[in-house]
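Text of protein.cif (mmCIF, N, CA and C atoms) as supplied:
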```cif
data_data
#
loop_
_atom_site.label_atom_id
_atom_site.label_comp_id
_atom_site.auth_asym_id
_atom_site.auth_seq_id
_atom_site.Cartn_x
_atom_site.Cartn_y
_atom_site.Cartn_z
N MET A 210 -46.14 -66.72 -37.99
CA MET A 210 -46.18 -67.89 -38.82
C MET A 210 -47.08 -67.59 -40.01
N SER A 211 -46.61 -67.85 -41.18
CA SER A 211 -47.36 -67.58 -42.40
C SER A 211 -48.42 -68.63 -42.65
N GLU A 212 -49.53 -68.23 -43.26
CA GLU A 212 -50.59 -69.16 -43.63
C GLU A 212 -50.23 -69.95 -44.88
N ALA A 213 -49.28 -69.49 -45.65
CA ALA A 213 -48.93 -70.14 -46.92
C ALA A 213 -47.79 -71.13 -46.70
N ALA A 214 -48.04 -72.38 -47.11
CA ALA A 214 -46.99 -73.39 -47.01
C ALA A 214 -45.89 -73.05 -47.98
N SER A 215 -44.65 -73.13 -47.51
CA SER A 215 -43.54 -72.82 -48.40
C SER A 215 -42.48 -73.90 -48.40
N GLY A 216 -42.45 -74.72 -47.38
CA GLY A 216 -41.42 -75.75 -47.29
C GLY A 216 -41.80 -77.01 -48.04
N PRO A 217 -40.85 -77.93 -48.15
CA PRO A 217 -41.12 -79.19 -48.83
C PRO A 217 -42.14 -80.04 -48.04
N GLU A 218 -42.93 -80.79 -48.78
CA GLU A 218 -43.91 -81.67 -48.18
C GLU A 218 -43.20 -82.74 -47.33
N VAL A 219 -43.70 -82.97 -46.14
CA VAL A 219 -43.17 -84.03 -45.28
C VAL A 219 -43.63 -85.36 -45.87
N PRO A 220 -42.72 -86.34 -46.01
CA PRO A 220 -43.11 -87.63 -46.58
C PRO A 220 -44.26 -88.28 -45.81
N ALA A 221 -45.12 -88.98 -46.53
CA ALA A 221 -46.28 -89.64 -45.93
C ALA A 221 -45.88 -90.66 -44.87
N SER A 222 -44.71 -91.21 -44.99
CA SER A 222 -44.26 -92.24 -44.04
C SER A 222 -43.75 -91.66 -42.72
N GLU A 223 -43.58 -90.35 -42.65
CA GLU A 223 -42.99 -89.70 -41.47
C GLU A 223 -43.94 -89.69 -40.28
N THR A 224 -43.39 -89.88 -39.11
CA THR A 224 -44.12 -89.72 -37.85
C THR A 224 -43.89 -88.30 -37.37
N LEU A 225 -44.97 -87.65 -36.97
CA LEU A 225 -44.90 -86.27 -36.50
C LEU A 225 -45.17 -86.23 -34.99
N SER A 226 -44.40 -85.41 -34.29
CA SER A 226 -44.52 -85.27 -32.84
C SER A 226 -45.10 -83.91 -32.50
N ARG A 227 -46.18 -83.91 -31.72
CA ARG A 227 -46.85 -82.67 -31.30
C ARG A 227 -46.76 -82.56 -29.79
N ALA A 228 -46.16 -81.48 -29.32
CA ALA A 228 -46.08 -81.23 -27.88
C ALA A 228 -47.45 -80.82 -27.36
N VAL A 229 -47.83 -81.36 -26.23
CA VAL A 229 -49.08 -81.03 -25.57
C VAL A 229 -48.70 -80.07 -24.44
N THR A 230 -48.88 -78.78 -24.70
CA THR A 230 -48.36 -77.74 -23.81
C THR A 230 -49.41 -77.03 -22.98
N SER A 231 -50.66 -77.36 -23.17
CA SER A 231 -51.74 -76.67 -22.46
C SER A 231 -52.69 -77.70 -21.85
N PRO A 232 -53.17 -77.46 -20.64
CA PRO A 232 -54.16 -78.37 -20.06
C PRO A 232 -55.40 -78.51 -20.94
N ASN A 233 -55.71 -77.48 -21.75
CA ASN A 233 -56.86 -77.54 -22.65
C ASN A 233 -56.64 -78.52 -23.79
N TRP A 234 -55.42 -78.96 -23.97
CA TRP A 234 -55.09 -79.89 -25.06
C TRP A 234 -55.04 -81.34 -24.58
N TRP A 235 -55.48 -81.59 -23.37
CA TRP A 235 -55.41 -82.94 -22.81
C TRP A 235 -56.72 -83.27 -22.11
N VAL A 236 -57.26 -84.46 -22.35
CA VAL A 236 -58.47 -84.94 -21.69
C VAL A 236 -58.01 -85.97 -20.66
N ALA A 237 -57.77 -85.50 -19.45
CA ALA A 237 -57.19 -86.35 -18.40
C ALA A 237 -58.09 -87.53 -18.07
N THR A 238 -59.39 -87.31 -18.05
CA THR A 238 -60.32 -88.39 -17.69
C THR A 238 -60.29 -89.54 -18.69
N GLU A 239 -59.85 -89.26 -19.92
CA GLU A 239 -59.78 -90.30 -20.96
C GLU A 239 -58.34 -90.62 -21.35
N ASN A 240 -57.38 -89.97 -20.69
CA ASN A 240 -55.95 -90.16 -20.96
C ASN A 240 -55.66 -90.08 -22.47
N ARG A 241 -56.06 -88.94 -23.06
CA ARG A 241 -55.83 -88.74 -24.49
C ARG A 241 -55.69 -87.26 -24.79
N VAL A 242 -55.12 -86.99 -25.96
CA VAL A 242 -55.00 -85.63 -26.44
C VAL A 242 -56.39 -85.11 -26.82
N SER A 243 -56.59 -83.83 -26.67
CA SER A 243 -57.84 -83.18 -27.08
C SER A 243 -57.71 -82.70 -28.53
N SER A 244 -58.82 -82.63 -29.21
CA SER A 244 -58.81 -82.10 -30.58
C SER A 244 -58.35 -80.64 -30.61
N ALA A 245 -58.41 -79.95 -29.47
CA ALA A 245 -57.95 -78.56 -29.40
C ALA A 245 -56.48 -78.43 -29.78
N ALA A 246 -55.70 -79.49 -29.59
CA ALA A 246 -54.27 -79.45 -29.94
C ALA A 246 -54.05 -79.43 -31.45
N PHE A 247 -55.08 -79.82 -32.20
CA PHE A 247 -54.97 -79.92 -33.67
C PHE A 247 -55.91 -78.99 -34.42
N ALA A 248 -56.66 -78.16 -33.73
CA ALA A 248 -57.74 -77.39 -34.35
C ALA A 248 -57.30 -76.04 -34.92
N PHE A 249 -56.01 -75.79 -34.99
CA PHE A 249 -55.49 -74.53 -35.51
C PHE A 249 -55.33 -74.59 -37.03
N PRO A 250 -55.41 -73.44 -37.71
CA PRO A 250 -55.14 -73.45 -39.15
C PRO A 250 -53.69 -73.85 -39.46
N VAL A 251 -52.78 -73.56 -38.51
CA VAL A 251 -51.36 -73.93 -38.63
C VAL A 251 -50.87 -74.30 -37.24
N PHE A 252 -50.20 -75.44 -37.13
CA PHE A 252 -49.58 -75.79 -35.85
C PHE A 252 -48.23 -76.45 -36.08
N SER A 253 -47.37 -76.40 -35.07
CA SER A 253 -45.99 -76.88 -35.15
C SER A 253 -45.87 -78.32 -34.69
N VAL A 254 -44.98 -79.04 -35.35
CA VAL A 254 -44.63 -80.40 -34.99
C VAL A 254 -43.14 -80.59 -35.25
N ASP A 255 -42.61 -81.70 -34.79
CA ASP A 255 -41.27 -82.13 -35.16
C ASP A 255 -41.39 -83.45 -35.92
N MET A 256 -40.49 -83.65 -36.84
CA MET A 256 -40.41 -84.92 -37.56
C MET A 256 -39.63 -85.88 -36.67
N ALA A 257 -40.24 -87.01 -36.32
CA ALA A 257 -39.64 -87.94 -35.37
C ALA A 257 -38.36 -88.58 -35.89
N SER A 258 -38.17 -88.62 -37.19
CA SER A 258 -36.94 -89.19 -37.74
C SER A 258 -35.74 -88.28 -37.50
N LEU A 259 -36.01 -87.01 -37.15
CA LEU A 259 -34.93 -86.04 -36.96
C LEU A 259 -34.81 -85.52 -35.52
N ALA A 260 -35.74 -85.87 -34.66
CA ALA A 260 -35.69 -85.40 -33.27
C ALA A 260 -36.30 -86.46 -32.34
N THR A 261 -35.60 -86.75 -31.27
CA THR A 261 -36.13 -87.68 -30.27
C THR A 261 -37.23 -86.98 -29.48
N PRO A 262 -38.06 -87.74 -28.79
CA PRO A 262 -39.05 -87.10 -27.92
C PRO A 262 -38.43 -86.13 -26.91
N ASP A 263 -37.29 -86.51 -26.33
CA ASP A 263 -36.64 -85.61 -25.37
C ASP A 263 -36.16 -84.33 -26.04
N GLN A 264 -35.65 -84.42 -27.27
CA GLN A 264 -35.23 -83.21 -27.98
C GLN A 264 -36.42 -82.31 -28.24
N THR A 265 -37.52 -82.88 -28.67
CA THR A 265 -38.72 -82.07 -28.92
C THR A 265 -39.20 -81.42 -27.63
N LEU A 266 -39.32 -82.20 -26.58
CA LEU A 266 -39.85 -81.68 -25.33
C LEU A 266 -38.92 -80.68 -24.65
N SER A 267 -37.64 -80.69 -24.98
CA SER A 267 -36.69 -79.78 -24.33
C SER A 267 -37.01 -78.31 -24.60
N ARG A 268 -37.80 -78.02 -25.62
CA ARG A 268 -38.14 -76.63 -25.95
C ARG A 268 -39.41 -76.15 -25.25
N PHE A 269 -40.03 -77.02 -24.46
CA PHE A 269 -41.30 -76.69 -23.81
C PHE A 269 -41.18 -76.80 -22.30
N ARG A 270 -42.16 -76.25 -21.61
CA ARG A 270 -42.10 -76.26 -20.15
C ARG A 270 -42.17 -77.69 -19.62
N ILE A 271 -41.54 -77.89 -18.49
CA ILE A 271 -41.55 -79.20 -17.83
C ILE A 271 -42.99 -79.59 -17.56
N GLY A 272 -43.31 -80.83 -17.81
CA GLY A 272 -44.68 -81.33 -17.62
C GLY A 272 -45.47 -81.41 -18.91
N SER A 273 -44.93 -80.83 -19.99
CA SER A 273 -45.62 -80.95 -21.28
C SER A 273 -45.61 -82.40 -21.73
N GLY A 274 -46.62 -82.77 -22.47
CA GLY A 274 -46.71 -84.13 -23.00
C GLY A 274 -46.34 -84.17 -24.47
N LEU A 275 -46.38 -85.37 -25.04
CA LEU A 275 -46.04 -85.53 -26.46
C LEU A 275 -46.90 -86.63 -27.05
N VAL A 276 -47.48 -86.33 -28.22
CA VAL A 276 -48.21 -87.33 -28.98
C VAL A 276 -47.62 -87.39 -30.38
N GLN A 277 -47.85 -88.51 -31.05
CA GLN A 277 -47.35 -88.66 -32.42
C GLN A 277 -48.46 -89.18 -33.32
N PHE A 278 -48.34 -88.83 -34.60
CA PHE A 278 -49.27 -89.31 -35.61
C PHE A 278 -48.54 -89.37 -36.95
N ASN A 279 -49.09 -90.14 -37.88
CA ASN A 279 -48.48 -90.32 -39.19
C ASN A 279 -48.85 -89.17 -40.12
N ALA A 280 -47.87 -88.64 -40.83
CA ALA A 280 -48.09 -87.51 -41.75
C ALA A 280 -49.04 -87.87 -42.88
N GLY A 281 -48.91 -89.06 -43.44
CA GLY A 281 -49.78 -89.47 -44.54
C GLY A 281 -51.22 -89.63 -44.10
N ASP A 282 -51.44 -90.24 -42.93
CA ASP A 282 -52.80 -90.38 -42.41
C ASP A 282 -53.42 -89.01 -42.15
N ALA A 283 -52.62 -88.10 -41.59
CA ALA A 283 -53.10 -86.75 -41.33
C ALA A 283 -53.42 -86.03 -42.64
N ARG A 284 -52.60 -86.24 -43.66
CA ARG A 284 -52.83 -85.60 -44.95
C ARG A 284 -54.18 -86.03 -45.53
N HIS A 285 -54.55 -87.29 -45.34
CA HIS A 285 -55.86 -87.77 -45.82
C HIS A 285 -57.02 -87.06 -45.14
N LEU A 286 -56.76 -86.51 -43.96
CA LEU A 286 -57.80 -85.76 -43.24
C LEU A 286 -57.77 -84.27 -43.57
N GLY A 287 -56.78 -83.84 -44.36
CA GLY A 287 -56.70 -82.43 -44.73
C GLY A 287 -55.60 -81.65 -44.02
N PHE A 288 -54.72 -82.36 -43.29
CA PHE A 288 -53.61 -81.72 -42.59
C PHE A 288 -52.33 -81.91 -43.40
N ASP A 289 -51.80 -80.83 -43.94
CA ASP A 289 -50.66 -80.86 -44.84
C ASP A 289 -49.40 -80.43 -44.09
N ALA A 290 -48.48 -81.37 -43.83
CA ALA A 290 -47.25 -81.07 -43.10
C ALA A 290 -46.15 -80.65 -44.07
N ARG A 291 -45.49 -79.54 -43.74
CA ARG A 291 -44.39 -78.99 -44.54
C ARG A 291 -43.19 -78.72 -43.65
N GLN A 292 -42.03 -79.21 -44.06
CA GLN A 292 -40.81 -78.96 -43.30
C GLN A 292 -40.41 -77.51 -43.49
N GLU A 293 -40.43 -76.77 -42.38
CA GLU A 293 -40.15 -75.34 -42.42
C GLU A 293 -39.41 -74.93 -41.15
N ILE A 294 -38.61 -73.90 -41.26
CA ILE A 294 -37.85 -73.39 -40.12
C ILE A 294 -38.79 -72.70 -39.13
N ASP A 295 -38.52 -72.93 -37.86
CA ASP A 295 -39.22 -72.23 -36.78
C ASP A 295 -38.36 -71.02 -36.41
N ALA A 296 -38.88 -69.83 -36.56
CA ALA A 296 -38.10 -68.61 -36.30
C ALA A 296 -37.57 -68.57 -34.86
N GLN A 297 -38.30 -69.15 -33.91
CA GLN A 297 -37.85 -69.15 -32.51
C GLN A 297 -36.71 -70.12 -32.26
N PHE A 298 -36.68 -71.22 -33.02
CA PHE A 298 -35.67 -72.26 -32.83
C PHE A 298 -35.11 -72.65 -34.19
N SER A 299 -34.37 -71.73 -34.80
CA SER A 299 -33.89 -71.95 -36.17
C SER A 299 -32.92 -73.13 -36.29
N GLU A 300 -32.34 -73.56 -35.18
CA GLU A 300 -31.43 -74.71 -35.21
C GLU A 300 -32.18 -76.04 -35.27
N ASN A 301 -33.50 -76.02 -35.05
CA ASN A 301 -34.30 -77.24 -35.04
C ASN A 301 -34.66 -77.65 -36.47
N LEU A 302 -33.85 -78.52 -37.05
CA LEU A 302 -34.07 -78.97 -38.43
C LEU A 302 -35.22 -79.96 -38.55
N ALA A 303 -35.75 -80.43 -37.43
CA ALA A 303 -36.87 -81.38 -37.44
C ALA A 303 -38.22 -80.67 -37.54
N HIS A 304 -38.24 -79.37 -37.43
CA HIS A 304 -39.50 -78.62 -37.36
C HIS A 304 -40.30 -78.69 -38.66
N ALA A 305 -41.60 -78.79 -38.50
CA ALA A 305 -42.53 -78.70 -39.62
C ALA A 305 -43.78 -77.97 -39.13
N ASN A 306 -44.45 -77.33 -40.07
CA ASN A 306 -45.76 -76.74 -39.80
C ASN A 306 -46.81 -77.63 -40.45
N VAL A 307 -47.92 -77.79 -39.77
CA VAL A 307 -49.05 -78.54 -40.31
C VAL A 307 -50.14 -77.54 -40.63
N TYR A 308 -50.58 -77.54 -41.88
CA TYR A 308 -51.59 -76.60 -42.36
C TYR A 308 -52.91 -77.32 -42.57
N CYS A 309 -53.99 -76.67 -42.17
CA CYS A 309 -55.34 -77.17 -42.45
C CYS A 309 -56.17 -75.96 -42.87
N ARG A 310 -56.42 -75.87 -44.16
CA ARG A 310 -57.07 -74.68 -44.74
C ARG A 310 -58.59 -74.81 -44.85
N LEU A 311 -59.16 -75.64 -44.03
CA LEU A 311 -60.61 -75.84 -44.05
C LEU A 311 -61.30 -74.80 -43.17
N PRO A 312 -62.59 -74.56 -43.41
CA PRO A 312 -63.33 -73.65 -42.51
C PRO A 312 -63.29 -74.18 -41.07
N LYS A 313 -63.43 -73.29 -40.12
CA LYS A 313 -63.24 -73.62 -38.71
C LYS A 313 -64.04 -74.84 -38.26
N ASN A 314 -65.33 -74.92 -38.58
CA ASN A 314 -66.15 -76.04 -38.13
C ASN A 314 -65.66 -77.37 -38.71
N GLU A 315 -65.28 -77.36 -39.98
CA GLU A 315 -64.77 -78.58 -40.62
C GLU A 315 -63.39 -78.93 -40.08
N ARG A 316 -62.57 -77.92 -39.84
CA ARG A 316 -61.23 -78.15 -39.27
C ARG A 316 -61.36 -78.81 -37.90
N LYS A 317 -62.31 -78.36 -37.09
CA LYS A 317 -62.53 -78.94 -35.77
C LYS A 317 -62.98 -80.39 -35.90
N ARG A 318 -63.85 -80.68 -36.84
CA ARG A 318 -64.31 -82.06 -37.06
C ARG A 318 -63.15 -82.96 -37.45
N ARG A 319 -62.28 -82.46 -38.33
CA ARG A 319 -61.11 -83.24 -38.76
C ARG A 319 -60.12 -83.41 -37.61
N ALA A 320 -59.98 -82.37 -36.78
CA ALA A 320 -59.10 -82.47 -35.61
C ALA A 320 -59.58 -83.56 -34.67
N GLN A 321 -60.90 -83.70 -34.54
CA GLN A 321 -61.46 -84.77 -33.71
C GLN A 321 -61.11 -86.14 -34.28
N GLN A 322 -61.03 -86.25 -35.59
CA GLN A 322 -60.62 -87.52 -36.22
C GLN A 322 -59.13 -87.77 -36.02
N LEU A 323 -58.33 -86.71 -36.08
CA LEU A 323 -56.88 -86.85 -35.90
C LEU A 323 -56.55 -87.34 -34.49
N VAL A 324 -57.36 -86.99 -33.52
CA VAL A 324 -57.15 -87.46 -32.14
C VAL A 324 -57.02 -88.97 -32.11
N TRP A 325 -57.85 -89.67 -32.87
CA TRP A 325 -57.88 -91.13 -32.82
C TRP A 325 -56.70 -91.76 -33.56
N LEU A 326 -55.96 -90.96 -34.33
CA LEU A 326 -54.75 -91.44 -35.00
C LEU A 326 -53.49 -91.19 -34.16
N ALA A 327 -53.63 -90.39 -33.12
CA ALA A 327 -52.48 -90.00 -32.29
C ALA A 327 -52.19 -91.03 -31.21
N THR A 328 -50.91 -91.29 -31.02
CA THR A 328 -50.49 -92.16 -29.93
C THR A 328 -49.74 -91.33 -28.88
N ILE A 329 -49.90 -91.71 -27.66
CA ILE A 329 -49.26 -91.00 -26.56
C ILE A 329 -47.82 -91.49 -26.43
N VAL A 330 -46.90 -90.55 -26.46
CA VAL A 330 -45.50 -90.85 -26.19
C VAL A 330 -45.21 -90.54 -24.73
N ARG A 331 -45.70 -89.40 -24.29
CA ARG A 331 -45.55 -89.00 -22.89
C ARG A 331 -46.78 -88.20 -22.50
N ALA A 332 -47.50 -88.69 -21.50
CA ALA A 332 -48.67 -87.96 -21.00
C ALA A 332 -48.20 -86.72 -20.27
N PRO A 333 -48.92 -85.61 -20.41
CA PRO A 333 -48.50 -84.40 -19.70
C PRO A 333 -48.74 -84.53 -18.19
N ALA A 334 -48.00 -83.75 -17.45
CA ALA A 334 -48.14 -83.69 -16.00
C ALA A 334 -48.27 -82.22 -15.62
N PHE A 335 -49.44 -81.67 -15.89
CA PHE A 335 -49.65 -80.25 -15.62
C PHE A 335 -49.86 -80.02 -14.14
N SER A 336 -49.25 -78.93 -13.65
CA SER A 336 -49.41 -78.62 -12.23
C SER A 336 -50.34 -77.45 -12.05
#
```

Could you show the structure in this file as structure tokens?
Amino acid sequence: MSEAASGPEVPASETLSRAVTSPNWWVATENRVSSAAFAFPVFSVDMASLATPDQTLSRFRIGSGLVQFNAGDARHLGFDARQEIDAQFSENLAHANVYCRLPKNERKRRAQQLVWLATIVRAPAFS
């Protein structure tokens, strides 16, 4: 995945879906996503207007969860969503990459803020 955004900007009104695929990305005691799910310089999402939760989750292991957040709200925190093809799933037209070009410590702080903007669509069931 390239660090340079190349796709068109995702509209501010778009809802973005992030699969929760790792136990480290979920705080079970608080029933919420962890900032670790958003703390990467680049991470993948689907645009909810183009993919249902089931379509998004179909590409991940059973038991993965799903959270959603608004692209415009995330952009205000420094997360820039761009509609781009995923090389692994080129047929997925809903795919976007979210870029955060801030230094690691600041990116982590912003990821902690993004947690509070995320809503749970499906809580993970990790075994």

field: Minimum-distance residue to Ala303 (chain A), chosen among A:Ala237, A:Leu259, A:Leu326, A:Ala248 (using only N, CA and C atoms)
entry: A:Leu259

task: Quick one: pull the distance between atom N of Gly287 (chain A) and CA of Asn301 (chain A), Å, one decimal.
output: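 Going from atom N of Gly287 (chain A) over to CA of Asn301 (chain A), I get 25.2 Å.
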
Between atom N of Leu323 (chain A) and atom C of Leu225 (chain A), distance in Å (one decimal): 13.2 Å

task: For atom N of Ala221 (chain A) and atom C of Trp234 (chain A), quote the distance in Å rounded to one decimal.
output: 25.3 Å

message: Within 9 Å of (-40.2, -78.7, -43.6) in the file's own coordinates, which protein, DNA or RNA residues have an atom, counting only C-alpha atoms? List them as an MDAnalysis selection string.
response: chainID A and resid 215:219 256 290:294 302:306

field: Close residues, Thr265 (chain A) itself excluded, 8 Å, all atoms listed in the file, min 3 positions apart in chain, as a VMD selection string
entry: chain A and resid 226 to 228 254 to 255 259 to 262 268 to 269

If we count all atoms listed in the file and set the cut-off at 8 Å, which residues sit around Ala245 (chain A), ignoring sequence neighbours fewer than 6 positions away in its own chain? Please answer as an mmCIF file with N, CA and C atoms, in the coordinates of the input.
```
data_model
loop_
_atom_site.group_PDB
_atom_site.id
_atom_site.type_symbol
_atom_site.label_atom_id
_atom_site.label_comp_id
_atom_site.auth_asym_id
_atom_site.auth_seq_id
_atom_site.Cartn_x
_atom_site.Cartn_y
_atom_site.Cartn_z
ATOM 1 N N ASN A 233 -55.710 -77.480 -21.750
ATOM 2 C CA ASN A 233 -56.860 -77.540 -22.650
ATOM 3 C C ASN A 233 -56.640 -78.520 -23.790
ATOM 4 N N TRP A 234 -55.420 -78.960 -23.970
ATOM 5 C CA TRP A 234 -55.090 -79.890 -25.060
ATOM 6 C C TRP A 234 -55.040 -81.340 -24.580
ATOM 7 N N TRP A 235 -55.480 -81.590 -23.370
ATOM 8 C CA TRP A 235 -55.410 -82.940 -22.810
ATOM 9 C C TRP A 235 -56.720 -83.270 -22.110
ATOM 10 N N LYS A 317 -62.310 -78.360 -37.090
ATOM 11 C CA LYS A 317 -62.530 -78.940 -35.770
ATOM 12 C C LYS A 317 -62.980 -80.390 -35.900
ATOM 13 N N ALA A 320 -59.980 -82.370 -36.780
ATOM 14 C CA ALA A 320 -59.100 -82.470 -35.610
ATOM 15 C C ALA A 320 -59.580 -83.560 -34.670
ATOM 16 N N GLN A 321 -60.900 -83.700 -34.540
ATOM 17 C CA GLN A 321 -61.460 -84.770 -33.710
ATOM 18 C C GLN A 321 -61.110 -86.140 -34.280
#
```

Any chance you could work out the axis-aligned box around region 246-249 of chain A, listed atoms only, 5 Å on each side, giving centre and edge lengths in Å to one decimal, as AutoDock Vina command-line options?
```
--center_x -55.9 --center_y -77.2 --center_z -33.3 --size_x 13.7 --size_y 15.4 --size_z 17.4
```

Hits of the PyMOL selection byres ((chain A and resi 328) around 7) in this structure, as a PDB file with N, CA and C atoms, in the frame of the given file:
```
ATOM      1  N   LEU A 275     -46.380 -85.370 -25.040  1.00  0.00           N
ATOM      2  CA  LEU A 275     -46.040 -85.530 -26.460  1.00  0.00           C
ATOM      3  C   LEU A 275     -46.900 -86.630 -27.050  1.00  0.00           C
ATOM      4  N   VAL A 276     -47.480 -86.330 -28.220  1.00  0.00           N
ATOM      5  CA  VAL A 276     -48.210 -87.330 -28.980  1.00  0.00           C
ATOM      6  C   VAL A 276     -47.620 -87.390 -30.380  1.00  0.00           C
ATOM      7  N   GLN A 277     -47.850 -88.510 -31.050  1.00  0.00           N
ATOM      8  CA  GLN A 277     -47.350 -88.660 -32.420  1.00  0.00           C
ATOM      9  C   GLN A 277     -48.460 -89.180 -33.320  1.00  0.00           C
ATOM     10  N   PHE A 278     -48.340 -88.830 -34.600  1.00  0.00           N
ATOM     11  CA  PHE A 278     -49.270 -89.310 -35.610  1.00  0.00           C
ATOM     12  C   PHE A 278     -48.540 -89.370 -36.950  1.00  0.00           C
ATOM     13  N   VAL A 324     -57.360 -86.990 -33.520  1.00  0.00           N
ATOM     14  CA  VAL A 324     -57.150 -87.460 -32.140  1.00  0.00           C
ATOM     15  C   VAL A 324     -57.020 -88.970 -32.110  1.00  0.00           C
ATOM     16  N   TRP A 325     -57.850 -89.670 -32.870  1.00  0.00           N
ATOM     17  CA  TRP A 325     -57.880 -91.130 -32.820  1.00  0.00           C
ATOM     18  C   TRP A 325     -56.700 -91.760 -33.560  1.00  0.00           C
ATOM     19  N   LEU A 326     -55.960 -90.960 -34.330  1.00  0.00           N
ATOM     20  CA  LEU A 326     -54.750 -91.440 -35.000  1.00  0.00           C
ATOM     21  C   LEU A 326     -53.490 -91.190 -34.160  1.00  0.00           C
ATOM     22  N   ALA A 327     -53.630 -90.390 -33.120  1.00  0.00           N
ATOM     23  CA  ALA A 327     -52.480 -90.000 -32.290  1.00  0.00           C
ATOM     24  C   ALA A 327     -52.190 -91.030 -31.210  1.00  0.00           C
ATOM     25  N   ILE A 329     -49.900 -91.710 -27.660  1.00  0.00           N
ATOM     26  CA  ILE A 329     -49.260 -91.000 -26.560  1.00  0.00           C
ATOM     27  C   ILE A 329     -47.820 -91.490 -26.430  1.00  0.00           C
ATOM     28  N   VAL A 330     -46.900 -90.550 -26.460  1.00  0.00           N
ATOM     29  CA  VAL A 330     -45.500 -90.850 -26.190  1.00  0.00           C
ATOM     30  C   VAL A 330     -45.210 -90.540 -24.730  1.00  0.00           C
ATOM     31  N   ARG A 331     -45.700 -89.400 -24.290  1.00  0.00           N
ATOM     32  CA  ARG A 331     -45.550 -89.000 -22.890  1.00  0.00           C
ATOM     33  C   ARG A 331     -46.780 -88.200 -22.500  1.00  0.00           C
TER      34      ARG A 331
END
```

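When only C-alpha atoms are used to compute distances to Arg319 (chain A), the closest of the residues A:Val242, A:Val307, A:Asp289, A:Ala283 turns out to be A:Ala283.
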
- prompt: Using only N, CA and C atoms, which of the listed residues (A:Gln297, A:Ser222, A:Ser267, A:Ser258) sits closest to Asp282 (chain A)?
  reply: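 When distances to Asp282 (chain A) are compared using only N, CA and C atoms, the smallest one comes from A:Ser222.
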
Near Phe249 (chain A), counting only N, CA and C atoms, which residues have an atom at most 7 Å away, once you skip same-chain residues fewer than 2 positions from it, shown as a CSV table (one decimal) with N, CA and C atoms, keeping the file's coordinate frame?
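Output below, filename result05.csv:
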```csv
chain,number,residue,atom,x,y,z
A,244,SER,N,-58.8,-82.6,-29.2
A,244,SER,CA,-58.8,-82.1,-30.6
A,244,SER,C,-58.4,-80.6,-30.6
A,245,ALA,N,-58.4,-80.0,-29.5
A,245,ALA,CA,-58.0,-78.6,-29.4
A,245,ALA,C,-56.5,-78.4,-29.8
A,246,ALA,N,-55.7,-79.5,-29.6
A,246,ALA,CA,-54.3,-79.4,-29.9
A,246,ALA,C,-54.0,-79.4,-31.4
A,247,PHE,N,-55.1,-79.8,-32.2
A,247,PHE,CA,-55.0,-79.9,-33.7
A,247,PHE,C,-55.9,-79.0,-34.4
A,251,VAL,N,-52.8,-73.6,-38.5
A,251,VAL,CA,-51.4,-73.9,-38.6
A,251,VAL,C,-50.9,-74.3,-37.2
A,252,PHE,N,-50.2,-75.4,-37.1
A,252,PHE,CA,-49.6,-75.8,-35.8
A,252,PHE,C,-48.2,-76.4,-36.1
A,307,VAL,N,-47.9,-77.8,-39.8
A,307,VAL,CA,-49.0,-78.5,-40.3
A,307,VAL,C,-50.1,-77.5,-40.6
A,308,TYR,N,-50.6,-77.5,-41.9
A,308,TYR,CA,-51.6,-76.6,-42.4
A,308,TYR,C,-52.9,-77.3,-42.6
A,309,CYS,N,-54.0,-76.7,-42.2
A,309,CYS,CA,-55.3,-77.2,-42.4
A,309,CYS,C,-56.2,-76.0,-42.9
A,316,ARG,N,-62.6,-77.9,-39.8
A,316,ARG,CA,-61.2,-78.2,-39.3
A,316,ARG,C,-61.4,-78.8,-37.9
```

- request: From a DSSP pass on the backbone, collect the residues of chain A flagged as strand (DSSP E) and hand them back as a PyMOL selection string.
  value: chain A and resi 224-229+235-236+241-242+251-256+274-279+289-292+304-308+328-331

- request: Based on DSSP run over this structure's backbone, return all residues of region 223-315 of chain A in helix (DSSP H, G or I), as JSON, numbers by chain.
  value: {"A": [232, 233, 234, 237, 238, 239, 244, 245, 246, 262, 263, 264, 265, 266, 280, 281, 282, 283, 284, 285, 296, 297, 298, 313, 314, 315]}

task: Compare A:Asn279, A:Arg241, A:Gly272, A:Leu266 by their minimum atom-to-atom distance to Phe335 (chain A), counting only N, CA and C atoms, and give me the closest one.
output: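 Of the candidates, the smallest distance to Phe335 (chain A) is held by A:Gly272.
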